[in-house]
>>> print(open('entry.pdb').read())   # PDB, C-alpha atoms
ATOM      1  CA  MET A 395     112.077  78.180  38.220
ATOM      2  CA  GLY A 396     109.489  80.298  36.347
ATOM      3  CA  THR A 397     107.009  82.691  37.950
ATOM      4  CA  GLU A 398     104.043  80.356  37.452
ATOM      5  CA  THR A 399     105.865  77.360  38.949
ATOM      6  CA  LYS A 400     107.018  79.351  41.981
ATOM      7  CA  ILE A 401     103.483  80.623  42.631
ATOM      8  CA  ARG A 402     101.974  77.182  42.253
ATOM      9  CA  GLU A 403     104.533  75.730  44.633
ATOM     10  CA  PHE A 404     103.827  78.418  47.249
ATOM     11  CA  ILE A 405     100.079  77.826  47.057
ATOM     12  CA  THR A 406     100.489  74.063  47.309
ATOM     13  CA  GLN A 407     102.723  74.416  50.372
ATOM     14  CA  ASN A 408     100.346  76.805  52.115
ATOM     15  CA  LEU A 409      96.945  75.275  51.480
ATOM     16  CA  MET A 410      94.730  75.491  54.532
ATOM     17  CA  VAL A 411      92.938  72.237  53.837
ATOM     18  CA  PHE A 412      93.798  69.035  55.569
ATOM     19  CA  GLU A 413      93.118  66.524  52.820
ATOM     20  CA  LYS A 414      96.381  65.120  51.516
ATOM     21  CA  ASP A 415      95.594  64.846  47.840
ATOM     22  CA  VAL A 416      94.090  68.185  46.924
ATOM     23  CA  THR A 417      94.434  69.022  43.273
ATOM     24  CA  PHE A 418      93.748  72.258  41.458
ATOM     25  CA  THR A 419      94.449  73.562  37.984
ATOM     26  CA  ASP A 420      96.207  76.808  37.198
ATOM     27  CA  GLN A 421      92.801  78.275  36.286
ATOM     28  CA  ASP A 422      90.932  77.161  39.429
ATOM     29  CA  ASN A 423      89.742  79.861  41.806
ATOM     30  CA  ILE A 424      91.526  78.820  44.996
ATOM     31  CA  PHE A 425      89.422  81.121  47.167
ATOM     32  CA  GLU A 426      86.092  79.878  45.848
ATOM     33  CA  MET A 427      87.265  76.284  46.269
ATOM     34  CA  GLY A 428      87.678  76.970  49.981
ATOM     35  CA  PHE A 429      91.317  75.951  50.066
ATOM     36  CA  VAL A 430      92.567  79.095  51.730
ATOM     37  CA  ASN A 431      91.618  81.855  54.174
ATOM     38  CA  SER A 432      92.485  85.445  55.113
ATOM     39  CA  LEU A 433      95.823  84.404  56.617
ATOM     40  CA  PHE A 434      96.702  82.798  53.328
ATOM     41  CA  ALA A 435      95.836  85.963  51.385
ATOM     42  CA  MET A 436      98.122  87.908  53.680
ATOM     43  CA  LYS A 437     100.957  85.380  53.340
ATOM     44  CA  LEU A 438     100.543  85.186  49.588
ATOM     45  CA  LEU A 439     100.873  88.944  49.262
ATOM     46  CA  ASN A 440     103.992  88.977  51.442
ATOM     47  CA  TYR A 441     105.465  86.130  49.445
ATOM     48  CA  LEU A 442     104.815  87.774  46.084
ATOM     49  CA  GLU A 443     106.271  91.099  47.156
ATOM     50  CA  SER A 444     109.424  89.587  48.661
ATOM     51  CA  GLU A 445     110.019  86.838  46.098
ATOM     52  CA  PHE A 446     109.514  89.016  43.028
ATOM     53  CA  LYS A 447     110.726  92.291  44.597
ATOM     54  CA  VAL A 448     107.555  94.181  43.702
ATOM     55  CA  GLU A 449     105.149  96.354  45.657
ATOM     56  CA  ILE A 450     101.608  95.612  44.612
ATOM     57  CA  GLU A 451      99.616  98.803  44.366
ATOM     58  CA  GLU A 452      96.331  99.434  46.093
ATOM     59  CA  HIS A 453      94.306  99.477  42.886
ATOM     60  CA  ASP A 454      95.440  95.917  42.194
ATOM     61  CA  MET A 455      94.254  94.603  45.576
ATOM     62  CA  ASP A 456      91.283  92.923  43.979
ATOM     63  CA  ILE A 457      90.742  89.328  44.976
ATOM     64  CA  GLN A 458      90.245  88.423  41.330
ATOM     65  CA  ASN A 459      93.923  89.200  40.676
ATOM     66  CA  PHE A 460      94.904  86.631  43.300
ATOM     67  CA  SER A 461      92.291  83.987  42.650
ATOM     68  CA  SER A 462      94.238  81.546  40.475
ATOM     69  CA  VAL A 463      97.782  80.681  39.479
ATOM     70  CA  VAL A 464      97.143  82.157  36.024
ATOM     71  CA  ASN A 465      95.775  85.444  37.386
ATOM     72  CA  ILE A 466      98.548  85.856  39.954
ATOM     73  CA  THR A 467     101.176  85.169  37.304
ATOM     74  CA  ALA A 468      99.612  87.781  35.021
ATOM     75  CA  LEU A 469      99.650  90.309  37.848
ATOM     76  CA  ILE A 470     103.310  89.664  38.671
ATOM     77  CA  ASP A 471     104.300  89.710  35.004
ATOM     78  CA  LYS A 472     102.677  93.150  34.726
ATOM     79  CA  TYR A 473     104.962  94.451  37.504
ATOM     80  CA  LEU A 474     108.067  92.746  36.132
ATOM     81  CA  LYS A 475     107.723  94.239  32.666
TER      82      LYS A 475
ATOM     83  CA  MET B 718      82.805  92.782  37.539
ATOM     84  CA  PHE B 719      79.650  94.345  38.996
ATOM     85  CA  ILE B 720      77.737  96.491  36.518
ATOM     86  CA  THR B 721      75.028  98.742  37.841
ATOM     87  CA  LYS B 722      71.703  99.096  36.091
ATOM     88  CA  ASN B 723      71.540 101.771  33.396
ATOM     89  CA  TYR B 724      68.630 104.202  33.652
ATOM     90  CA  SER B 725      69.726 106.565  30.893
ATOM     91  CA  THR B 726      66.461 105.773  29.119
ATOM     92  CA  ILE B 727      64.703 107.754  31.843
ATOM     93  CA  THR B 728      67.016 110.759  31.794
ATOM     94  CA  ASP B 729      70.620 111.778  31.503
ATOM     95  CA  ASP B 730      70.194 114.450  34.167
ATOM     96  CA  LYS B 731      69.984 113.301  37.780
ATOM     97  CA  ASP B 732      68.120 116.455  38.775
ATOM     98  CA  SER B 733      65.263 115.637  36.413
ATOM     99  CA  PHE B 734      65.127 111.916  37.167
ATOM    100  CA  ASP B 735      61.571 110.697  36.621
ATOM    101  CA  TRP B 736      60.867 108.628  39.721
ATOM    102  CA  LYS B 737      57.321 107.841  38.589
ATOM    103  CA  LYS B 738      58.607 106.308  35.377
ATOM    104  CA  PHE B 739      61.319 104.496  37.299
ATOM    105  CA  PHE B 740      58.772 102.740  39.509
ATOM    106  CA  GLU B 741      56.471 102.027  36.551
ATOM    107  CA  ASN B 742      59.292 100.431  34.534
ATOM    108  CA  GLU B 743      60.725  98.385  37.357
ATOM    109  CA  THR B 744      58.321  95.474  37.659
ATOM    110  CA  ASP B 745      60.317  93.979  40.529
ATOM    111  CA  PHE B 746      60.271  97.270  42.341
ATOM    112  CA  SER B 747      56.825  98.631  41.608
ATOM    113  CA  SER B 748      55.183 100.421  44.473
ATOM    114  CA  ASP B 749      52.740  97.589  45.153
ATOM    115  CA  ASN B 750      55.303  94.827  44.754
ATOM    116  CA  ILE B 751      58.321  95.781  46.792
ATOM    117  CA  ASP B 752      60.106  92.695  48.032
ATOM    118  CA  ILE B 753      61.844  94.146  51.033
ATOM    119  CA  LEU B 754      63.391  90.832  52.025
ATOM    120  CA  LYS B 755      64.900  90.399  48.562
ATOM    121  CA  ILE B 756      66.424  93.869  48.642
ATOM    122  CA  PHE B 757      67.696  93.288  52.165
ATOM    123  CA  ASN B 758      69.284  89.965  51.258
ATOM    124  CA  GLU B 759      70.882  91.347  48.102
ATOM    125  CA  LEU B 760      72.353  94.154  50.147
ATOM    126  CA  ARG B 761      73.610  91.649  52.715
ATOM    127  CA  ASP B 762      75.174  89.654  49.910
ATOM    128  CA  HIS B 763      76.955  92.687  48.468
ATOM    129  CA  LEU B 764      78.229  93.553  51.933
ATOM    130  CA  SER B 765      79.147  90.071  53.125
ATOM    131  CA  GLU B 766      82.557  89.596  54.699
ATOM    132  CA  LYS B 767      85.040  87.887  52.429
ATOM    133  CA  ASN B 768      88.074  86.608  54.302
ATOM    134  CA  SER B 769      90.404  86.644  51.341
ATOM    135  CA  GLN B 770      89.523  90.228  50.368
ATOM    136  CA  PHE B 771      89.967  91.208  53.990
ATOM    137  CA  GLY B 772      93.489  89.736  53.947
ATOM    138  CA  LEU B 773      94.457  91.859  50.962
ATOM    139  CA  VAL B 774      92.892  95.081  52.224
ATOM    140  CA  PHE B 775      94.325  94.579  55.697
ATOM    141  CA  ASN B 776      97.808  94.075  54.292
ATOM    142  CA  SER B 777      97.787  97.401  52.429
ATOM    143  CA  PHE B 778      96.207  99.129  55.394
ATOM    144  CA  MET B 779      98.841  97.931  57.863
ATOM    145  CA  LYS B 780     101.733  98.666  55.511
ATOM    146  CA  SER B 781     100.428 102.182  55.137
ATOM    147  CA  LEU B 782     100.134 102.555  58.921
ATOM    148  CA  LEU B 783     103.638 101.272  59.675
ATOM    149  CA  ARG B 784     105.533 102.681  56.692
ATOM    150  CA  GLY B 785     108.549 104.538  58.039
ATOM    151  CA  THR B 786     108.316 103.053  61.536
ATOM    152  CA  GLU B 787     111.274 101.018  62.770
ATOM    153  CA  PHE B 788     110.763  98.304  65.357
ATOM    154  CA  GLU B 789     113.412  96.549  67.443
ATOM    155  CA  SER B 790     114.275  93.066  66.236
ATOM    156  CA  ASN B 791     112.482  90.237  68.016
ATOM    157  CA  ILE B 792     109.527  92.380  69.082
ATOM    158  CA  LYS B 793     107.146  91.300  71.808
ATOM    159  CA  ILE B 794     103.475  91.835  70.949
ATOM    160  CA  LEU B 795     100.453  91.808  73.241
ATOM    161  CA  GLU B 796      97.036  91.753  71.579
ATOM    162  CA  ILE B 797      94.064  92.234  73.873
ATOM    163  CA  GLY B 798      90.552  91.107  72.995
ATOM    164  CA  SER B 799      92.438  89.243  70.321
ATOM    165  CA  GLY B 800      90.031  86.665  68.929
ATOM    166  CA  THR B 801      92.318  84.381  66.951
ATOM    167  CA  GLY B 802      94.963  87.117  66.733
ATOM    168  CA  PHE B 803      94.896  88.099  63.080
ATOM    169  CA  LEU B 804      96.624  91.420  63.798
ATOM    170  CA  THR B 805      99.421  89.698  65.738
ATOM    171  CA  ARG B 806      99.879  87.161  62.960
ATOM    172  CA  TRP B 807     100.182  89.962  60.437
ATOM    173  CA  LEU B 808     102.788  91.706  62.590
ATOM    174  CA  LEU B 809     104.772  88.506  63.074
ATOM    175  CA  SER B 810     104.655  87.818  59.342
ATOM    176  CA  ASN B 811     106.336  91.150  58.753
ATOM    177  CA  TYR B 812     108.541  91.534  61.824
ATOM    178  CA  ASN B 813     110.394  88.904  63.823
ATOM    179  CA  GLY B 814     109.197  88.316  67.328
ATOM    180  CA  GLU B 815     106.634  86.638  69.512
ATOM    181  CA  GLY B 816     103.025  87.276  70.374
ATOM    182  CA  CYS B 817     100.736  86.981  73.367
ATOM    183  CA  LEU B 818      96.983  86.925  72.755
ATOM    184  CA  VAL B 819      94.446  87.676  75.467
ATOM    185  CA  ASP B 820      90.776  86.893  75.107
ATOM    186  CA  SER B 821      88.194  85.518  77.483
ATOM    187  CA  CYS B 822      86.128  83.915  74.747
ATOM    188  CA  ASN B 823      86.242  80.141  74.675
ATOM    189  CA  GLU B 824      85.320  80.047  70.982
ATOM    190  CA  SER B 825      88.302  82.275  70.152
ATOM    191  CA  PHE B 826      90.598  79.940  72.062
ATOM    192  CA  LYS B 827      89.234  76.915  70.203
ATOM    193  CA  ALA B 828      89.588  78.716  66.853
ATOM    194  CA  PHE B 829      93.132  79.778  67.763
ATOM    195  CA  LYS B 830      94.062  76.176  68.492
ATOM    196  CA  ALA B 831      92.432  75.003  65.265
ATOM    197  CA  ILE B 832      94.653  77.224  63.107
ATOM    198  CA  GLN B 833      97.378  74.931  61.861
ATOM    199  CA  ASP B 834     100.043  77.621  61.627
ATOM    200  CA  MET B 835     103.115  76.815  63.647
ATOM    201  CA  SER B 836     105.300  79.386  61.876
ATOM    202  CA  HIS B 837     104.789  81.987  64.597
ATOM    203  CA  LYS B 838     105.528  81.861  68.305
ATOM    204  CA  ILE B 839     102.193  82.830  69.852
ATOM    205  CA  GLU B 840     100.840  82.207  73.337
ATOM    206  CA  PHE B 841      97.126  82.472  74.175
ATOM    207  CA  ILE B 842      95.996  83.588  77.626
ATOM    208  CA  GLN B 843      92.313  82.985  78.213
ATOM    209  CA  SER B 844      91.397  85.897  80.465
ATOM    210  CA  ASP B 845      89.267  88.988  80.693
ATOM    211  CA  VAL B 846      91.460  91.916  79.596
ATOM    212  CA  PHE B 847      90.766  93.717  82.865
ATOM    213  CA  ASP B 848      91.846  90.712  84.940
ATOM    214  CA  LEU B 849      95.097  90.187  83.065
ATOM    215  CA  ASP B 850      97.785  89.644  85.652
ATOM    216  CA  ILE B 851     101.126  89.778  83.890
ATOM    217  CA  LYS B 852     103.993  92.070  84.820
ATOM    218  CA  GLU B 853     106.056  92.043  81.633
ATOM    219  CA  THR B 854     105.937  94.900  79.182
ATOM    220  CA  PHE B 855     105.580  94.645  75.408
ATOM    221  CA  ASP B 856     107.029  96.515  72.435
ATOM    222  CA  ILE B 857     103.603  96.605  70.812
ATOM    223  CA  VAL B 858     100.235  96.465  72.557
ATOM    224  CA  CYS B 859      97.403  96.264  70.090
ATOM    225  CA  SER B 860      93.714  95.589  69.596
ATOM    226  CA  PHE B 861      91.391  95.262  66.654
ATOM    227  CA  GLY B 862      87.716  95.926  67.191
ATOM    228  CA  LEU B 863      87.822  96.235  70.958
ATOM    229  CA  ILE B 864      87.562  99.756  72.333
ATOM    230  CA  GLU B 865      84.323 100.544  70.498
ATOM    231  CA  HIS B 866      82.568  98.008  72.715
ATOM    232  CA  PHE B 867      83.307  99.955  75.920
ATOM    233  CA  GLU B 868      81.599 103.120  77.029
ATOM    234  CA  ASP B 869      84.278 103.629  79.673
ATOM    235  CA  LYS B 870      87.172 104.542  77.397
ATOM    236  CA  THR B 871      89.563 105.317  80.236
ATOM    237  CA  ARG B 872      89.346 101.765  81.550
ATOM    238  CA  ILE B 873      89.888 100.093  78.194
ATOM    239  CA  MET B 874      92.672 102.470  77.198
ATOM    240  CA  ASP B 875      94.372 101.853  80.550
ATOM    241  CA  ALA B 876      94.250  98.145  79.715
ATOM    242  CA  HIS B 877      96.287  98.949  76.591
ATOM    243  CA  LYS B 878      98.784 101.160  78.409
ATOM    244  CA  LYS B 879      99.308  98.897  81.428
ATOM    245  CA  ASN B 880     101.678  96.467  79.706
ATOM    246  CA  MET B 881     103.047  98.844  77.057
ATOM    247  CA  ASP B 882     106.782  99.414  77.313
ATOM    248  CA  ALA B 883     107.757 103.047  78.053
ATOM    249  CA  ASN B 884     109.180 103.205  74.512
ATOM    250  CA  GLY B 885     106.618 100.824  73.105
ATOM    251  CA  TRP B 886     103.925 101.355  70.520
ATOM    252  CA  GLY B 887     100.170 100.981  70.557
ATOM    253  CA  ILE B 888      98.178  99.951  67.503
ATOM    254  CA  ILE B 889      94.446 100.425  67.899
ATOM    255  CA  ILE B 890      91.975  99.569  65.141
ATOM    256  CA  VAL B 891      88.242 100.278  65.209
ATOM    257  CA  PRO B 892      85.409 100.343  62.677
ATOM    258  CA  LEU B 893      85.134 103.818  61.155
ATOM    259  CA  ASP B 894      81.857 105.695  61.208
ATOM    260  CA  SER B 895      81.168 106.075  57.478
ATOM    261  CA  PRO B 896      78.083 105.613  55.281
ATOM    262  CA  LEU B 897      79.475 102.212  54.240
ATOM    263  CA  SER B 898      80.078 101.023  57.808
ATOM    264  CA  ARG B 899      76.628 102.182  58.916
ATOM    265  CA  CYS B 900      75.070 100.306  56.022
ATOM    266  CA  PHE B 901      77.141  97.188  56.733
ATOM    267  CA  PHE B 902      76.121  96.979  60.374
ATOM    268  CA  GLU B 903      72.516  97.879  59.482
ATOM    269  CA  VAL B 904      72.150  94.847  57.218
ATOM    270  CA  HIS B 905      74.094  92.523  59.519
ATOM    271  CA  PRO B 906      72.040  92.539  62.696
ATOM    272  CA  GLU B 907      73.543  89.176  63.598
ATOM    273  CA  LEU B 908      76.817  91.007  64.292
ATOM    274  CA  ASN B 909      75.214  93.536  66.603
ATOM    275  CA  LEU B 910      74.977  91.476  69.734
ATOM    276  CA  GLY B 911      76.321  94.010  72.168
ATOM    277  CA  TYR B 912      77.360  97.602  72.599
ATOM    278  CA  ARG B 913      79.304  98.956  69.618
ATOM    279  CA  GLU B 914      80.226 102.503  68.702
ATOM    280  CA  LEU B 915      81.180 103.573  65.215
ATOM    281  CA  LEU B 916      83.755 106.331  65.626
ATOM    282  CA  THR B 917      84.613 109.155  63.265
ATOM    283  CA  GLU B 918      88.291 109.976  62.877
ATOM    284  CA  SER B 919      87.791 113.056  64.993
ATOM    285  CA  GLU B 920      86.101 111.091  67.810
ATOM    286  CA  PHE B 921      88.810 108.434  67.625
ATOM    287  CA  ARG B 922      91.569 111.058  67.849
ATOM    288  CA  ASN B 923      89.903 112.663  70.870
ATOM    289  CA  ILE B 924      89.711 109.335  72.716
ATOM    290  CA  LEU B 925      93.425 108.751  72.162
ATOM    291  CA  ILE B 926      94.404 112.289  73.159
ATOM    292  CA  ASP B 927      92.131 112.258  76.224
ATOM    293  CA  ASN B 928      93.897 109.091  77.343
ATOM    294  CA  ASN B 929      97.378 110.569  77.108
ATOM    295  CA  LEU B 930      98.492 108.872  73.930
ATOM    296  CA  ASP B 931     100.612 110.593  71.301
ATOM    297  CA  ILE B 932      99.274 109.921  67.834
ATOM    298  CA  HIS B 933     102.042 109.145  65.346
ATOM    299  CA  LYS B 934      99.846 108.137  62.444
ATOM    300  CA  ILE B 935      96.220 107.441  61.572
ATOM    301  CA  VAL B 936      95.090 105.593  58.460
ATOM    302  CA  SER B 937      91.722 104.420  57.129
ATOM    303  CA  SER B 938      91.015 101.302  55.103
ATOM    304  CA  LYS B 939      89.838 101.217  51.514
ATOM    305  CA  GLY B 940      88.109  98.458  49.630
ATOM    306  CA  TYR B 941      86.451  96.309  52.282
ATOM    307  CA  VAL B 942      82.761  95.830  53.058
ATOM    308  CA  TYR B 943      83.025  98.241  55.967
ATOM    309  CA  ASP B 944      85.626 100.866  56.770
ATOM    310  CA  PHE B 945      88.061 100.703  59.636
ATOM    311  CA  ILE B 946      90.630 103.098  61.028
ATOM    312  CA  ALA B 947      93.905 102.529  62.861
ATOM    313  CA  ALA B 948      96.124 104.655  65.039
ATOM    314  CA  LEU B 949      99.797 104.162  65.792
ATOM    315  CA  VAL B 950     100.398 105.683  69.208
ATOM    316  CA  LYS B 951     102.895 106.040  72.036
ATOM    317  CA  LYS B 952     102.404 106.837  75.694
ATOM    318  CA  ASN B 953     103.153 110.497  76.463
TER     319      ASN B 953
END
>>> encode(input="entry.pdb", output="structure tokens")
Amino acid sequence: MGTETKIREFITQNLMVFEKDVTFTDQDNIFEMGFVNSLFAMKLLNYLESEFKVEIEEHDMDIQNFSSVVNITALIDKYLK
Amino acid sequence: MFITKNYSTITDDKDSFDWKKFFENETDFSSDNIDILKIFNELRDHLSEKNSQFGLVFNSFMKSLLRGTEFESNIKILEIGSGTGFLTRWLLSNYNGEGCLVDSCNESFKAFKAIQDMSHKIEFIQSDVFDLDIKETFDIVCSFGLIEHFEDKTRIMDAHKKNMDANGWGIIIVPLDSPLSRCFFEVHPELNLGYRELLTESEFRNILIDNNLDIHKIVSSKGYVYDFIAALVKKN
């Protein structure tokens, strides 16, 4: 499974909304759409660091880097290079 | 990305900044047309709490605090004045164990119940921290944004130590007295509904030392709309 697919799957499984059929594109800002909260941000970071064996540095802790599947994938790819 | 206004047309030397020209050029900010409410609201907007950013900042902050510290497996955590227990949830996401939250606030209890997160074993005791009547001791006793609300530091620190295991740890987090924090609380009067101190690192250290706690580490946050500071302590 590729990085983007794994990230998308994690987000889908951890959405904090209660509607069953929530859809979002890989470009959608999941924070602005109100799907997730601070607990999610914390879980997402833990997931990324353990799944991809990276330690995300403080200067990258900008919400923009975590706002969409595309942006998160780009961030992880940067660490995996 | 936020880009600040460029006033290089006025001067490139801050010591010779022409304030008269600045006010003349700024039609929105001319001396007879200052919209205080607009400025206030823009400042509030810049310094509004963003849950997702908090999650990221808090994660780095806690990792920095606990780097190099080993905990027993299956740790028992007590969080007093817990609200919905964000600190406990962070700890349980990173270390196996179980949590006990204590808060007298009915709204916190309702919010705790509303969080659909069954991945952690957490109990909520609705009680005043000073009336807490449990005998068991905990590997970690913690609080986030609690002690600054009490003038009597001995009483609130005793509430932390009471159920802390002899070899246990304390994690205490408070807002840091910094220009940013002062500004944040200045423009958010709706958050100032009771007694709150902003503590410098030095004042924070003295409170811990005066209450017989050994300080193992102190870290400050970076990147949130106000600054906070945490101490990792043990009973001495």
>>> resolve_selection(input="entry.pdb", expression="the PyMOL selection byres ((chain B) within 10 of (chain A))", output="ChimeraX atom specification")
/B:718,767-778,803,806-807,810-811,832-834,939-940
>>> atom_distance(input="entry.pdb", atom1="CA of Ile839 (chain B)", atom2="CA of Met427 (chain A)")
28.7 Å
>>> resolve_selection(input="entry.pdb", expression="the PyMOL selection byres ((chain B and resi 799) around 6)", output="PyMOL selection string")
chain B and resi 796-798+800-802+818-820
>>> residues_around(input="entry.pdb", residues="Glu403 (chain A)", least_positions_apart="6", cutoff="12 Å", atoms="only C-alpha atoms", output="PyMOL selection string")
chain A and resi 395-397+409+418+420+438+441+463
>>> atom_distance(input="entry.pdb", atom1="CA of Lys870 (chain B)", atom2="CA of Leu809 (chain B)")
27.8 Å
>>> resolve_selection(input="entry.pdb", expression="the PyMOL selection byres ((chain A and resi 464) around 8)", output="MDAnalysis selection string")
chainID A and resid 398 420:421 462:463 465:468
>>> atom_distance(input="entry.pdb", atom1="CA of Leu893 (chain B)", atom2="CA of Thr805 (chain B)")
20.6 Å
>>> closest_residue(input="entry.pdb", among="A:Gln407, A:Thr399, A:Ile470, A:Thr417", to="Ser444 (chain A)", atoms="only C-alpha atoms")
A:Ile470
